[in-house]
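See below for query12.txt, which holds compact mmCIF, C-alpha atoms and all ligand atoms.
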# COMPACT_ATOMS: atom_id res chain seq x y z
CA MET C 1 93.20 75.47 103.10
CA ILE C 2 90.73 76.77 105.64
CA GLU C 3 87.49 78.26 104.46
CA ILE C 4 85.94 81.16 106.23
CA HIS C 5 82.25 81.65 105.71
CA TRP C 6 80.45 84.88 106.07
CA ARG C 7 77.08 86.21 105.15
CA GLY C 8 76.86 87.72 101.71
CA GLY C 9 74.06 90.02 100.61
CA ARG C 10 73.31 93.44 102.06
CA PRO C 11 75.03 95.60 103.05
CA GLY C 12 78.06 93.68 101.92
CA ALA C 13 80.55 90.92 102.39
CA ASP C 14 82.32 92.56 105.29
CA GLY C 15 83.37 89.42 107.15
CA PRO C 16 87.12 89.82 106.48
CA PHE C 17 86.97 93.47 107.48
CA TYR C 18 85.47 92.73 110.88
CA ALA C 19 87.78 89.74 111.38
CA LEU C 20 90.74 92.05 110.74
CA LEU C 21 89.34 94.68 113.10
CA ILE C 22 88.89 92.09 115.86
CA LEU C 23 92.38 90.74 115.24
CA GLY C 24 93.96 94.18 115.59
CA LEU C 25 91.90 95.34 118.57
CA GLY C 26 92.24 91.95 120.23
CA LEU C 27 96.01 91.91 119.98
CA VAL C 28 96.36 95.41 121.45
CA ALA C 29 93.70 94.80 124.14
CA GLY C 30 95.41 91.56 125.18
CA LEU C 31 98.77 93.28 125.62
CA LEU C 32 97.13 96.14 127.56
CA GLY C 33 95.47 93.52 129.75
CA PHE C 34 98.87 92.03 130.52
CA ILE C 35 100.24 95.40 131.50
CA LEU C 36 97.25 96.21 133.71
CA HIS C 37 97.38 92.80 135.33
CA TYR C 38 100.98 93.23 136.33
CA SER C 39 100.87 96.92 137.15
CA PRO C 40 99.94 96.37 140.86
CA ALA C 41 103.41 94.89 141.19
CA VAL C 42 104.77 98.02 139.55
CA ALA C 43 102.81 100.24 141.92
CA ALA C 44 103.87 98.23 144.96
CA GLN C 45 107.40 98.63 143.86
CA ALA C 46 107.16 102.35 143.28
CA VAL C 47 106.44 103.06 146.95
CA ASP C 48 108.98 100.58 148.09
CA ALA C 49 111.59 101.75 150.53
CA CYS C 50 113.96 98.82 150.22
CA LEU C 51 117.57 99.51 149.44
CA ALA C 52 117.56 97.18 146.44
CA VAL C 53 114.82 99.20 144.81
CA SER C 54 116.75 101.07 142.15
CA GLU C 55 117.95 97.91 140.52
CA SER C 56 114.54 96.27 140.34
CA THR C 57 112.82 99.44 139.14
CA TYR C 58 115.07 99.11 136.19
CA THR C 59 113.99 95.48 135.69
CA LEU C 60 110.31 96.38 135.84
CA SER C 61 110.32 99.30 133.46
CA THR C 62 112.37 97.24 131.05
CA ALA C 63 109.84 94.45 131.35
CA LEU C 64 106.99 96.84 130.54
CA LEU C 65 108.94 97.94 127.48
CA VAL C 66 108.27 94.62 125.75
CA PRO C 67 104.44 94.77 125.57
CA TRP C 68 104.49 98.57 125.28
CA SER C 69 106.76 98.49 122.28
CA PHE C 70 104.53 95.98 120.52
CA ILE C 71 101.52 98.20 121.19
CA SER C 72 103.33 101.32 120.01
CA ILE C 73 104.53 99.63 116.83
CA VAL C 74 101.03 98.45 115.88
CA VAL C 75 99.26 101.69 116.84
CA GLY C 76 102.04 103.91 115.48
CA PHE C 77 102.25 102.27 112.08
CA ALA C 78 98.46 102.21 111.78
CA LEU C 79 98.24 105.91 112.63
CA VAL C 80 100.94 106.86 110.12
CA SER C 81 99.00 104.95 107.48
CA VAL C 82 95.74 106.71 108.42
CA VAL C 83 97.36 110.15 108.23
CA TRP C 84 99.00 109.35 104.92
CA GLN C 85 95.79 108.02 103.40
CA LEU C 86 93.84 111.07 104.60
CA LEU C 87 96.39 113.39 102.98
CA ALA C 88 96.48 111.36 99.78
CA THR C 89 92.68 111.32 99.60
CA ARG C 90 92.42 115.06 100.20
CA HIS C 91 94.98 115.84 97.50
CA LEU C 92 93.36 113.58 94.98
CA ILE C 93 89.75 114.62 95.61
CA GLY C 94 90.79 118.28 95.80
CA SER C 95 92.58 118.14 92.45
CA LEU C 96 89.55 116.53 90.83
CA LEU C 97 86.81 118.63 92.42
CA ARG C 98 88.52 121.79 91.22
CA ARG C 99 87.05 120.88 87.84
CA ARG C 100 83.53 120.26 89.13
CA VAL C 101 80.69 121.11 86.74
CA PRO C 102 76.91 121.38 87.31
CA VAL C 103 75.11 118.03 87.44
CA PRO C 104 72.40 117.63 84.78
CA ASP C 105 68.91 117.03 86.20
CA GLU C 106 68.55 113.59 84.61
CA LEU C 107 71.77 112.49 86.27
CA THR C 108 70.66 113.81 89.65
CA SER C 109 67.40 111.90 89.42
CA ALA C 110 69.15 108.76 88.17
CA ALA C 111 71.44 108.93 91.21
CA ARG C 112 68.54 109.62 93.62
CA ALA C 113 66.68 106.65 92.16
CA VAL C 114 69.44 104.30 93.28
CA GLY C 115 69.85 105.98 96.67
CA ILE C 116 72.79 108.32 95.99
CA GLU C 117 72.11 111.71 97.57
CA ALA C 118 75.50 113.34 97.08
CA LEU C 119 76.91 113.30 93.54
CA ASP C 120 79.72 115.30 91.96
CA LEU C 121 80.37 115.62 88.26
CA VAL C 122 83.91 116.48 87.22
CA GLU C 123 85.20 117.66 83.84
CA ASP C 124 87.74 115.00 82.96
CA LYS C 125 88.24 112.95 79.82
CA ARG C 126 89.17 109.84 81.78
CA PRO C 127 86.11 107.69 82.50
CA LEU C 128 86.05 107.47 86.29
CA ALA C 129 83.49 106.67 88.95
CA PHE C 130 84.24 106.37 92.61
CA CYS C 131 82.89 106.74 96.10
CA TYR C 132 84.72 108.93 98.62
CA GLY C 133 84.22 110.46 102.06
CA PHE C 134 84.15 108.89 105.48
CA ALA C 135 81.22 110.28 107.48
CA HIS C 136 78.89 110.91 104.54
CA PRO C 137 80.24 109.16 101.45
CA ALA C 138 79.55 110.81 98.09
CA VAL C 139 79.89 109.55 94.54
CA CYS C 140 82.03 111.27 91.94
CA LEU C 141 81.63 110.79 88.19
CA THR C 142 83.61 112.28 85.32
CA THR C 143 82.23 113.63 82.08
CA GLY C 144 84.36 111.01 80.36
CA MET C 145 82.35 108.30 82.10
CA LEU C 146 79.04 109.90 81.07
CA ASP C 147 80.18 110.06 77.45
CA LEU C 148 81.27 106.43 77.42
CA LEU C 149 78.28 104.66 79.01
CA ASN C 150 74.69 104.25 77.91
CA ALA C 151 71.81 104.75 80.35
CA ASP C 152 71.62 101.10 81.48
CA GLU C 153 75.35 100.84 82.05
CA LEU C 154 75.41 104.12 83.92
CA ARG C 155 72.61 102.94 86.19
CA ALA C 156 74.52 99.74 86.94
CA VAL C 157 77.67 101.72 87.78
CA LEU C 158 75.65 104.05 90.02
CA LEU C 159 74.12 101.02 91.77
CA HIS C 160 77.58 99.59 92.29
CA GLU C 161 78.77 102.87 93.83
CA ALA C 162 75.57 103.17 95.89
CA HIS C 163 76.53 99.90 97.53
CA HIS C 164 79.87 101.42 98.58
CA VAL C 165 78.01 104.45 99.98
CA VAL C 166 75.66 102.32 102.07
CA SER C 167 78.37 100.10 103.47
CA ARG C 168 80.71 103.06 104.04
CA ASP C 169 83.51 101.41 102.17
CA PRO C 170 85.88 104.42 102.04
CA LEU C 171 86.08 104.32 105.86
CA LYS C 172 86.53 100.56 105.87
CA ILE C 173 89.25 100.84 103.22
CA LEU C 174 91.02 103.42 105.38
CA ILE C 175 90.86 101.20 108.47
CA SER C 176 91.69 97.94 106.75
CA ARG C 177 94.78 99.41 105.07
CA ALA C 178 95.90 100.97 108.36
CA LEU C 179 95.50 97.62 110.12
CA GLY C 180 97.29 95.85 107.30
CA ILE C 181 100.26 98.15 107.89
CA GLY C 182 100.02 98.09 111.71
CA LEU C 183 99.90 94.28 111.68
CA PHE C 184 102.57 93.95 108.99
CA PHE C 185 104.10 91.00 110.85
CA LEU C 186 100.93 88.89 110.52
CA PRO C 187 100.42 87.35 107.06
CA ALA C 188 96.80 86.56 108.00
CA ALA C 189 96.14 90.29 108.49
CA GLN C 190 97.36 91.01 104.94
CA ASP C 191 95.15 88.22 103.63
CA LEU C 192 92.07 89.53 105.45
CA ARG C 193 92.69 93.03 104.12
CA ASP C 194 93.11 91.81 100.54
CA ARG C 195 90.08 89.60 100.90
CA TYR C 196 88.02 92.54 102.08
CA LEU C 197 89.27 94.82 99.27
CA VAL C 198 88.33 92.23 96.65
CA GLY C 199 85.16 91.08 98.40
CA LYS C 200 83.63 94.54 98.62
CA GLU C 201 83.91 95.01 94.84
CA ILE C 202 82.33 91.67 94.15
CA ALA C 203 79.58 92.42 96.66
CA ALA C 204 78.94 95.80 95.00
CA ASP C 205 78.73 94.10 91.59
CA ALA C 206 76.37 91.47 92.96
CA SER C 207 74.20 94.12 94.57
CA ALA C 208 73.93 96.05 91.29
CA ALA C 209 73.19 92.89 89.30
CA ARG C 210 70.50 91.88 91.80
CA VAL C 211 68.62 95.16 91.36
CA VAL C 212 68.69 95.19 87.55
CA ARG C 213 68.32 91.38 87.51
CA SER C 214 71.13 91.03 85.04
CA GLU C 215 74.90 90.95 84.92
CA LEU C 216 74.75 92.45 81.45
CA PRO C 217 74.88 96.24 81.94
CA LEU C 218 77.65 95.93 84.52
CA ALA C 219 79.61 93.56 82.32
CA SER C 220 79.39 95.82 79.30
CA ALA C 221 80.33 98.88 81.37
CA LEU C 222 83.37 97.01 82.61
CA LEU C 223 84.28 95.87 79.10
CA LYS C 224 84.00 99.42 77.74
CA LEU C 225 86.27 100.74 80.48
CA LEU C 226 88.80 97.97 80.01
CA SER C 227 88.88 98.48 76.25
CA HIS C 228 89.15 102.23 76.71
CA GLY C 229 92.41 101.76 78.60
CA GLY C 230 94.17 103.88 81.20
CA ALA C 231 91.01 104.71 83.06
CA THR C 232 92.07 104.44 86.67
CA LEU C 233 93.14 106.86 89.34
CA PRO C 234 96.23 106.26 91.46
CA SER C 235 95.47 102.88 92.74
CA THR C 236 93.08 102.11 95.51
CA VAL C 237 94.31 98.55 95.35
CA ALA C 238 98.01 99.06 95.78
CA ALA C 239 97.81 96.64 98.68
CA ILE C 240 96.51 93.74 96.64
CA GLY C 241 99.27 91.44 95.61
CA ALA C 242 97.83 87.96 95.75
CA PHE C 243 94.57 88.83 94.04
CA ASN C 244 93.80 89.95 90.59
CA LEU C 245 90.90 92.24 91.39
CA THR C 246 89.34 92.86 87.99
CA GLU C 247 89.90 89.28 86.92
CA GLU C 248 88.13 88.02 90.04
CA ARG C 249 85.16 90.27 89.29
CA ILE C 250 84.94 89.06 85.71
CA GLN C 251 85.17 85.43 86.80
CA ARG C 252 82.31 86.00 89.26
CA MET C 253 80.20 87.58 86.53
CA VAL C 254 80.95 84.90 83.99
CA ARG C 255 80.42 82.00 86.36
CA GLY C 256 77.59 83.75 88.16
CA ALA C 257 78.68 82.16 91.42
CA PRO C 258 77.50 83.81 94.62
CA VAL C 259 80.30 85.22 96.73
CA GLU C 260 79.99 83.62 100.10
CA ARG C 261 83.38 82.26 100.94
CA ALA C 262 87.03 83.09 100.91
CA ARG C 263 90.04 81.00 101.61
CA LEU C 264 92.82 81.78 103.99
CA ASP C 265 96.05 79.95 103.39
CA GLY C 266 96.56 77.52 106.26
CA ARG C 267 100.30 78.00 106.49
CA ARG C 268 100.03 81.78 106.62
CA LEU C 269 97.36 81.45 109.29
CA LEU C 270 99.56 79.11 111.32
CA LEU C 271 102.53 81.44 110.97
CA SER C 272 100.40 84.36 112.16
CA GLY C 273 99.24 82.34 115.15
CA LEU C 274 102.86 81.56 116.00
CA VAL C 275 103.88 85.22 115.80
CA VAL C 276 100.99 86.27 118.06
CA GLY C 277 101.94 83.46 120.48
CA LEU C 278 105.56 84.63 120.56
CA ILE C 279 104.57 88.24 121.21
CA TYR C 280 102.41 87.18 124.15
CA LEU C 281 105.04 84.77 125.45
CA ALA C 282 107.77 87.42 125.35
CA SER C 283 105.49 89.93 127.11
CA TYR C 284 104.41 87.37 129.69
CA LEU C 285 107.89 86.13 130.48
CA SER C 286 109.39 89.57 130.95
CA LEU C 287 106.44 90.87 132.98
CA ALA C 288 106.09 87.78 135.14
CA ALA C 289 109.81 87.70 135.89
CA ALA C 290 109.81 91.37 136.82
CA ALA C 291 106.69 91.00 138.95
CA GLN C 292 108.41 88.15 140.74
CA ALA C 293 111.38 90.42 141.38
CA ALA C 294 109.04 93.14 142.64
CA THR C 295 107.38 90.75 145.06
CA SER C 296 110.71 89.76 146.53
CA VAL C 297 111.61 93.42 146.84
CA ASP C 298 108.29 93.89 148.60
CA GLU C 299 109.14 91.14 151.07
CA CYS C 300 112.56 92.66 151.51
CA SER C 301 111.01 96.01 152.42
CA GLN C 302 108.65 94.39 154.91
CA THR C 303 111.50 92.62 156.68
CA THR C 304 113.40 95.86 156.68
CA LEU C 305 110.46 97.63 158.30
CA VAL C 306 109.92 94.82 160.80
CA GLY C 307 113.61 94.82 161.52
CA ARG C 308 113.41 98.48 162.50
CA MET A 309 101.04 114.91 78.53
CA LYS A 310 101.98 111.74 80.36
CA ARG A 311 104.96 111.29 78.07
CA MET A 312 106.03 114.85 78.48
CA ILE A 313 106.60 114.62 82.19
CA GLN A 314 108.12 111.20 82.42
CA SER A 315 111.23 112.72 83.89
CA PHE A 316 110.23 114.99 86.70
CA LYS A 317 113.11 116.77 88.40
CA LEU A 318 112.36 117.51 92.02
CA ASP A 319 115.49 119.61 92.46
CA GLN A 320 114.45 122.10 89.76
CA ARG A 321 111.92 124.89 89.99
CA GLY A 322 108.99 125.75 87.75
CA LEU A 323 108.94 124.51 84.18
CA ALA A 324 112.55 123.39 84.38
CA ARG A 325 111.14 120.49 86.40
CA VAL A 326 109.62 118.94 83.30
CA PHE A 327 111.73 120.48 80.55
CA GLY A 328 115.39 120.89 79.90
CA GLU A 329 116.65 124.45 80.40
CA LEU A 330 116.54 125.42 76.72
CA GLU A 331 113.21 123.59 76.28
CA ALA A 332 111.71 125.67 79.09
CA ARG A 333 112.99 128.93 77.59
CA ILE A 334 111.62 127.99 74.16
CA MET A 335 108.21 127.10 75.62
CA GLU A 336 108.12 130.45 77.44
CA ALA A 337 109.03 132.20 74.19
CA VAL A 338 106.28 130.45 72.21
CA TRP A 339 103.72 131.20 74.89
CA GLU A 340 104.71 134.82 74.73
CA LEU A 341 104.94 135.11 70.92
CA GLY A 342 102.01 132.93 69.91
CA PRO A 343 102.41 131.03 66.59
CA ALA A 344 106.05 131.50 65.58
CA THR A 345 108.80 130.25 63.28
CA VAL A 346 112.16 128.96 64.49
CA GLN A 347 113.67 132.29 63.45
CA ASP A 348 111.11 134.22 65.55
CA VAL A 349 111.99 132.13 68.59
CA CYS A 350 115.71 132.52 67.93
CA ASP A 351 115.38 136.29 67.75
CA HIS A 352 113.32 136.32 70.92
CA LEU A 353 115.87 134.26 72.84
CA GLY A 354 118.75 136.62 72.09
CA PRO A 355 121.67 137.03 69.72
CA ASP A 356 123.87 134.07 70.77
CA GLN A 357 121.39 131.33 69.87
CA ASN A 358 122.34 128.69 67.35
CA TYR A 359 119.50 128.33 64.83
CA LYS A 360 120.11 124.62 64.33
CA THR A 361 120.09 123.87 68.06
CA VAL A 362 116.83 125.75 68.58
CA MET A 363 115.23 123.93 65.65
CA THR A 364 116.32 120.54 67.00
CA VAL A 365 114.93 121.29 70.45
CA MET A 366 111.67 122.62 69.01
CA ASN A 367 111.19 119.47 66.98
CA ARG A 368 111.79 117.45 70.12
CA LEU A 369 109.05 119.46 71.81
CA VAL A 370 106.75 118.58 68.91
CA GLU A 371 107.52 114.90 69.53
CA LYS A 372 106.72 115.43 73.20
CA LYS A 373 103.39 116.97 72.09
CA ALA A 374 104.17 120.23 73.87
CA LEU A 375 104.32 122.10 70.55
CA LEU A 376 102.22 121.72 67.40
CA ARG A 377 103.81 122.24 63.98
CA HIS A 378 102.14 123.10 60.69
CA ARG A 379 103.38 124.31 57.36
CA ASP A 380 102.77 127.85 56.29
CA ALA A 381 103.42 129.22 52.76
CA ARG A 382 107.11 129.83 53.51
CA ALA A 383 108.07 128.04 56.71
CA PHE A 384 107.04 125.77 59.59
CA ILE A 385 104.93 127.52 62.19
CA TYR A 386 105.13 126.29 65.79
CA GLU A 387 102.40 126.74 68.34
CA ALA A 388 101.99 125.70 71.98
CA ALA A 389 99.66 122.71 72.35
CA ASP A 390 98.19 124.13 75.57
CA SER A 391 97.97 127.55 77.16
CA ARG A 392 100.58 128.15 79.83
CA ASP A 393 97.99 127.99 82.64
CA ALA A 394 96.41 124.80 81.35
CA PHE A 395 99.82 123.27 80.95
CA VAL A 396 101.01 124.13 84.45
CA GLN A 397 97.73 122.89 85.92
CA ASP A 398 97.94 119.65 83.99
CA VAL A 399 101.54 119.12 85.05
CA SER A 400 100.77 119.71 88.69
CA ARG A 401 97.79 117.37 88.52
CA HIS A 402 99.89 114.61 87.03
CA VAL A 403 102.65 115.27 89.51
CA VAL A 404 100.23 114.99 92.46
CA GLU A 405 98.77 111.82 91.07
CA GLY A 406 102.21 110.45 90.29
CA LEU A 407 103.32 111.09 93.85
CA LEU A 408 100.22 109.35 95.16
CA GLN A 409 100.96 106.39 92.96
CA ASP A 410 104.47 106.18 94.33
CA PHE A 411 103.85 106.76 98.01
CA GLY A 412 100.39 105.67 98.91
CA PRO A 413 96.87 105.11 97.77
CA ALA A 414 93.85 107.27 98.54
CA ALA A 415 90.93 105.83 100.50
CA ILE A 416 88.31 105.81 97.76
CA ALA A 417 86.23 103.02 96.23
CA GLN A 418 86.75 103.21 92.49
CA PHE A 419 84.43 101.43 90.05
CA LEU A 420 87.39 100.12 88.11
CA ALA A 421 90.40 100.31 90.38
CA ALA A 422 92.78 98.06 88.46
CA MET A 423 93.20 97.22 84.79
CA ASP A 424 94.67 93.84 85.63
CA THR A 425 92.97 91.50 83.18
CA SER A 426 94.15 88.65 81.02
CA PRO A 427 93.04 88.43 77.37
CA GLU A 428 91.13 85.24 78.32
CA SER A 429 89.01 87.13 80.87
CA LEU A 430 88.27 89.87 78.38
CA ASP A 431 87.12 87.23 75.90
CA ALA A 432 84.97 85.60 78.55
CA LEU A 433 83.43 88.97 79.34
CA ARG A 434 82.75 89.63 75.66
CA LYS A 435 81.13 86.22 75.30
CA LEU A 436 78.97 86.80 78.37
CA ILE A 437 77.68 90.04 76.87
CA GLU A 438 77.06 88.51 73.44
CA THR A 439 75.15 85.50 74.75
CA GLY A 440 73.29 87.74 77.18
CA ARG A 441 72.16 90.05 74.40
CA ALA A 442 71.16 87.10 72.23
CA GLY A 443 69.14 85.71 75.16
CA GLN A 444 67.37 89.03 75.64
CA GLU A 445 66.44 89.30 71.99
CA GLY A 446 65.35 85.67 71.60
ZN ZN C 501 83.56 99.42 93.56
Spit out the file's structure as structure tokens when you get a sec.
Amino acid sequence: MIEIHWRGGRPGADGPFYALLILGLGLVAGLLGFILHYSPAVAAQAVDACLAVSESTYTLSTALLVPWSFISIVVGFALVSVVWQLLATRHLIGSLLRRRVPVPDELTSAARAVGIEALDLVEDKRPLAFCYGFAHPAVCLTTGMLDLLNADELRAVLLHEAHHVVSRDPLKILISRALGIGLFFLPAAQDLRDRYLVGKEIAADASAARVVRSELPLASALLKLLSHGGATLPSTVAAIGAFNLTEERIQRMVRGAPVERARLDGRRLLLSGLVVGLIYLASYLSLAAAAQAATSVDECSQTTLVGR
Amino acid sequence: MKRMIQSFKLDQRGLARVFGELEARIMEAVWELGPATVQDVCDHLGPDQNYKTVMTVMNRLVEKKALLRHRDARAFIYEAADSRDAFVQDVSRHVVEGLLQDFGPAAIAQFLAAMDTSPESLDALRKLIETGRAGQEG
């Protein structure tokens, strides 16, 4: 097992998120670099007047297909995921906000006190609280949640959500899920995404507990919701397979351990490294071979010209 | 409500998506008539309705919590549990959410996003709260 350390505390344990982002951007940038590096050979070949040109044009464009197809797969899958998530979010938020009711003054001031400027209250028996929106995240509460919690618990839940607002977690969730899908062939990418999705909740809990200097209100809010049953929206954690999100949060509360480290499985990391290596090797081999062919075509054209 | 729409038929239109054909016609009749007996519904549906069949289906709708039943002086009175508008809205909400559940999650950060706890964790949580409260009082 390899341990990855990142800074906890404010605004959140975002290490896995940024690692995932770098992994995705790095992979695509590296492949683009390959293509750019070898494109002079492509250009040289395009203006070539040699008789053999048609055959080697074929070789070159086929060679470019290898890195290009990897790039298109990653970017394409990620984009499909982004579009789908945006639609799903719009549908869900739209169907809830249709039942929006005026926010009582005490609730507005309670939210302001913890740094939440935008708050929606929705008429719904299910006790729900969540943060949504990408540019300017807002918090949404249901009347069911207000009925269930006492003032201390509500404050702790608002503090938890305020943490998501500050660290713009809805946007990070969107991106990390898209990258998880775009990089579906890398187990390490799935692990980083899951680790981020769990880590942000634990960081939000820790942030709330730090302000009220107690785990208690958060713990009792969680217990009330868990005993109430059936109080979740269509999952925001569909991606998480290896982790038991709520259980992890409870364990952190009970043990009171700070959340500063996560483990990545060594074998999955190694496998991911191998896959990345293979992708680069395949791209390199096909491009280098084609560039070689182009050079020889180039020489061929020069001799042809000299010959004339 | 959840139980009522467990079988959602994408190839059907309107209420037939969540009800059988006769169920849908009975619901429409009750919404139109207001509180009604089986006989009232039978008369409303037309002459060729079998009383026994209608009664069976209406009792099934009571089980599905779409209809409420109470006893009057002479007979059972049936009533729709929700207004037609409220019902349709509720169905479409559940359908949207059901589709989301099947095909993809929304990008929101929910306070409690998963109910995945073991009884041991719940006990541990309970204990934490109890000892915490005791500590505060003492
Ligand atoms: Zn949260």
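Distance check against ligand ZN 501 (chain C) using only C-alpha atoms and all ligand atoms: of A:Glu438, A:Asn358, A:Leu433, A:Ala422, the minimum falls on A:Ala422.
For the set C:Phe130, C:Tyr38, C:Phe77, C:Phe17, the residue with the smallest atom-to-atom gap to chain A is C:Phe130, counting all atoms listed in the file.
All residues, whether protein, DNA or RNA, that have an atom at most 10 Å from ligand ZN 501 (chain C) (counting all atoms listed in the file) are Ala129, Phe130, Cys131, Val157, Leu158, Leu159, His160, Glu161, Ala162, His163, His164, Val165, Asp169, Leu197, Val198, Gly199, Lys200, Glu201, Ile202, Ala203, Ala204 and Asp205 of chain C; Ile416, Ala417, Gln418, Phe419, Leu420 and Ala421 of chain A.
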### Message
Which residues are close to Leu174 in chain C, i.e. within 12 Å by all atoms listed in the file, leaving aside same-chain residues fewer than 6 positions away? Reply as a PyMOL selection string.
### Response
(chain C and resi 17+21+78-89+132-134+168+180-181+193+196-197+236-237+239) or (chain A and resi 412-417)
### Message
With all atoms listed in the file as the counted atoms, please give the residues lying no more than 10 Å from range 273-285 of chain C, apart from itself and same-chain residues fewer than 6 positions off, as a ChimeraX atom specification.
### Response
/C:27,30-31,34-35,38,63-70,185-188,267,291
### Message
Quick check, in Å to one decimal: how far apart do CA of Ser220 in chain C and CA of Ile437 in chain A lie?
### Response
6.5 Å
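Rounded to one decimal, CA of Ala138 in chain C and CA of Ala118 in chain C lie 4.9 Å from each other.
CA of Arg255 in chain C sits 13.2 Å away from CA of Thr439 in chain A.
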Please complete range 356-362 of chain A with all heavy atoms and give it back as a JSON list (two decimals), in the coordinates of the input.
[["chain", "number", "residue", "atom", "x", "y", "z"],
["A", 356, "ASP", "N", 122.89, 135.18, 70.81],
["A", 356, "ASP", "CA", 123.87, 134.07, 70.77],
["A", 356, "ASP", "C", 123.21, 132.71, 70.64],
["A", 356, "ASP", "O", 123.75, 131.72, 71.12],
["A", 356, "ASP", "CB", 124.78, 134.16, 72.00],
["A", 356, "ASP", "CG", 123.97, 134.26, 73.28],
["A", 356, "ASP", "OD1", 122.77, 134.61, 73.18],
["A", 356, "ASP", "OD2", 124.53, 134.00, 74.35],
["A", 357, "GLN", "N", 122.03, 132.63, 70.02],
["A", 357, "GLN", "CA", 121.39, 131.33, 69.87],
["A", 357, "GLN", "C", 121.73, 130.70, 68.53],
["A", 357, "GLN", "O", 121.65, 131.36, 67.50],
["A", 357, "GLN", "CB", 119.86, 131.47, 70.00],
["A", 357, "GLN", "CG", 119.39, 131.70, 71.43],
["A", 357, "GLN", "CD", 119.83, 130.59, 72.38],
["A", 357, "GLN", "OE1", 119.98, 129.44, 71.96],
["A", 357, "GLN", "NE2", 120.05, 130.93, 73.63],
["A", 358, "ASN", "N", 122.07, 129.43, 68.56],
["A", 358, "ASN", "CA", 122.34, 128.69, 67.35],
["A", 358, "ASN", "C", 121.02, 128.23, 66.73],
["A", 358, "ASN", "O", 120.24, 127.52, 67.37],
["A", 358, "ASN", "CB", 123.22, 127.49, 67.69],
["A", 358, "ASN", "CG", 123.62, 126.70, 66.46],
["A", 358, "ASN", "OD1", 122.77, 126.40, 65.62],
["A", 358, "ASN", "ND2", 124.90, 126.39, 66.35],
["A", 359, "TYR", "N", 120.76, 128.64, 65.51],
["A", 359, "TYR", "CA", 119.50, 128.33, 64.83],
["A", 359, "TYR", "C", 119.24, 126.83, 64.81],
["A", 359, "TYR", "O", 118.15, 126.36, 65.11],
["A", 359, "TYR", "CB", 119.55, 128.89, 63.41],
["A", 359, "TYR", "CG", 118.28, 128.66, 62.61],
["A", 359, "TYR", "CD1", 117.23, 129.58, 62.64],
["A", 359, "TYR", "CD2", 118.14, 127.52, 61.83],
["A", 359, "TYR", "CE1", 116.07, 129.36, 61.93],
["A", 359, "TYR", "CE2", 116.97, 127.29, 61.10],
["A", 359, "TYR", "CZ", 115.95, 128.21, 61.15],
["A", 359, "TYR", "OH", 114.82, 127.99, 60.43],
["A", 360, "LYS", "N", 120.26, 126.07, 64.45],
["A", 360, "LYS", "CA", 120.11, 124.62, 64.33],
["A", 360, "LYS", "C", 119.72, 123.97, 65.66],
["A", 360, "LYS", "O", 118.86, 123.09, 65.71],
["A", 360, "LYS", "CB", 121.44, 124.01, 63.82],
["A", 360, "LYS", "CG", 121.50, 123.94, 62.31],
["A", 360, "LYS", "CD", 121.98, 122.53, 61.91],
["A", 360, "LYS", "CE", 121.60, 122.19, 60.50],
["A", 360, "LYS", "NZ", 122.74, 122.22, 59.58],
["A", 361, "THR", "N", 120.38, 124.41, 66.74],
["A", 361, "THR", "CA", 120.09, 123.87, 68.06],
["A", 361, "THR", "C", 118.63, 124.13, 68.44],
["A", 361, "THR", "O", 117.91, 123.23, 68.89],
["A", 361, "THR", "CB", 121.01, 124.50, 69.13],
["A", 361, "THR", "OG1", 122.33, 124.49, 68.64],
["A", 361, "THR", "CG2", 120.93, 123.76, 70.44],
["A", 362, "VAL", "N", 118.21, 125.38, 68.23],
["A", 362, "VAL", "CA", 116.83, 125.75, 68.58],
["A", 362, "VAL", "C", 115.84, 124.91, 67.78],
["A", 362, "VAL", "O", 114.86, 124.40, 68.31],
["A", 362, "VAL", "CB", 116.61, 127.26, 68.35],
["A", 362, "VAL", "CG1", 115.14, 127.61, 68.53],
["A", 362, "VAL", "CG2", 117.46, 128.08, 69.31]]
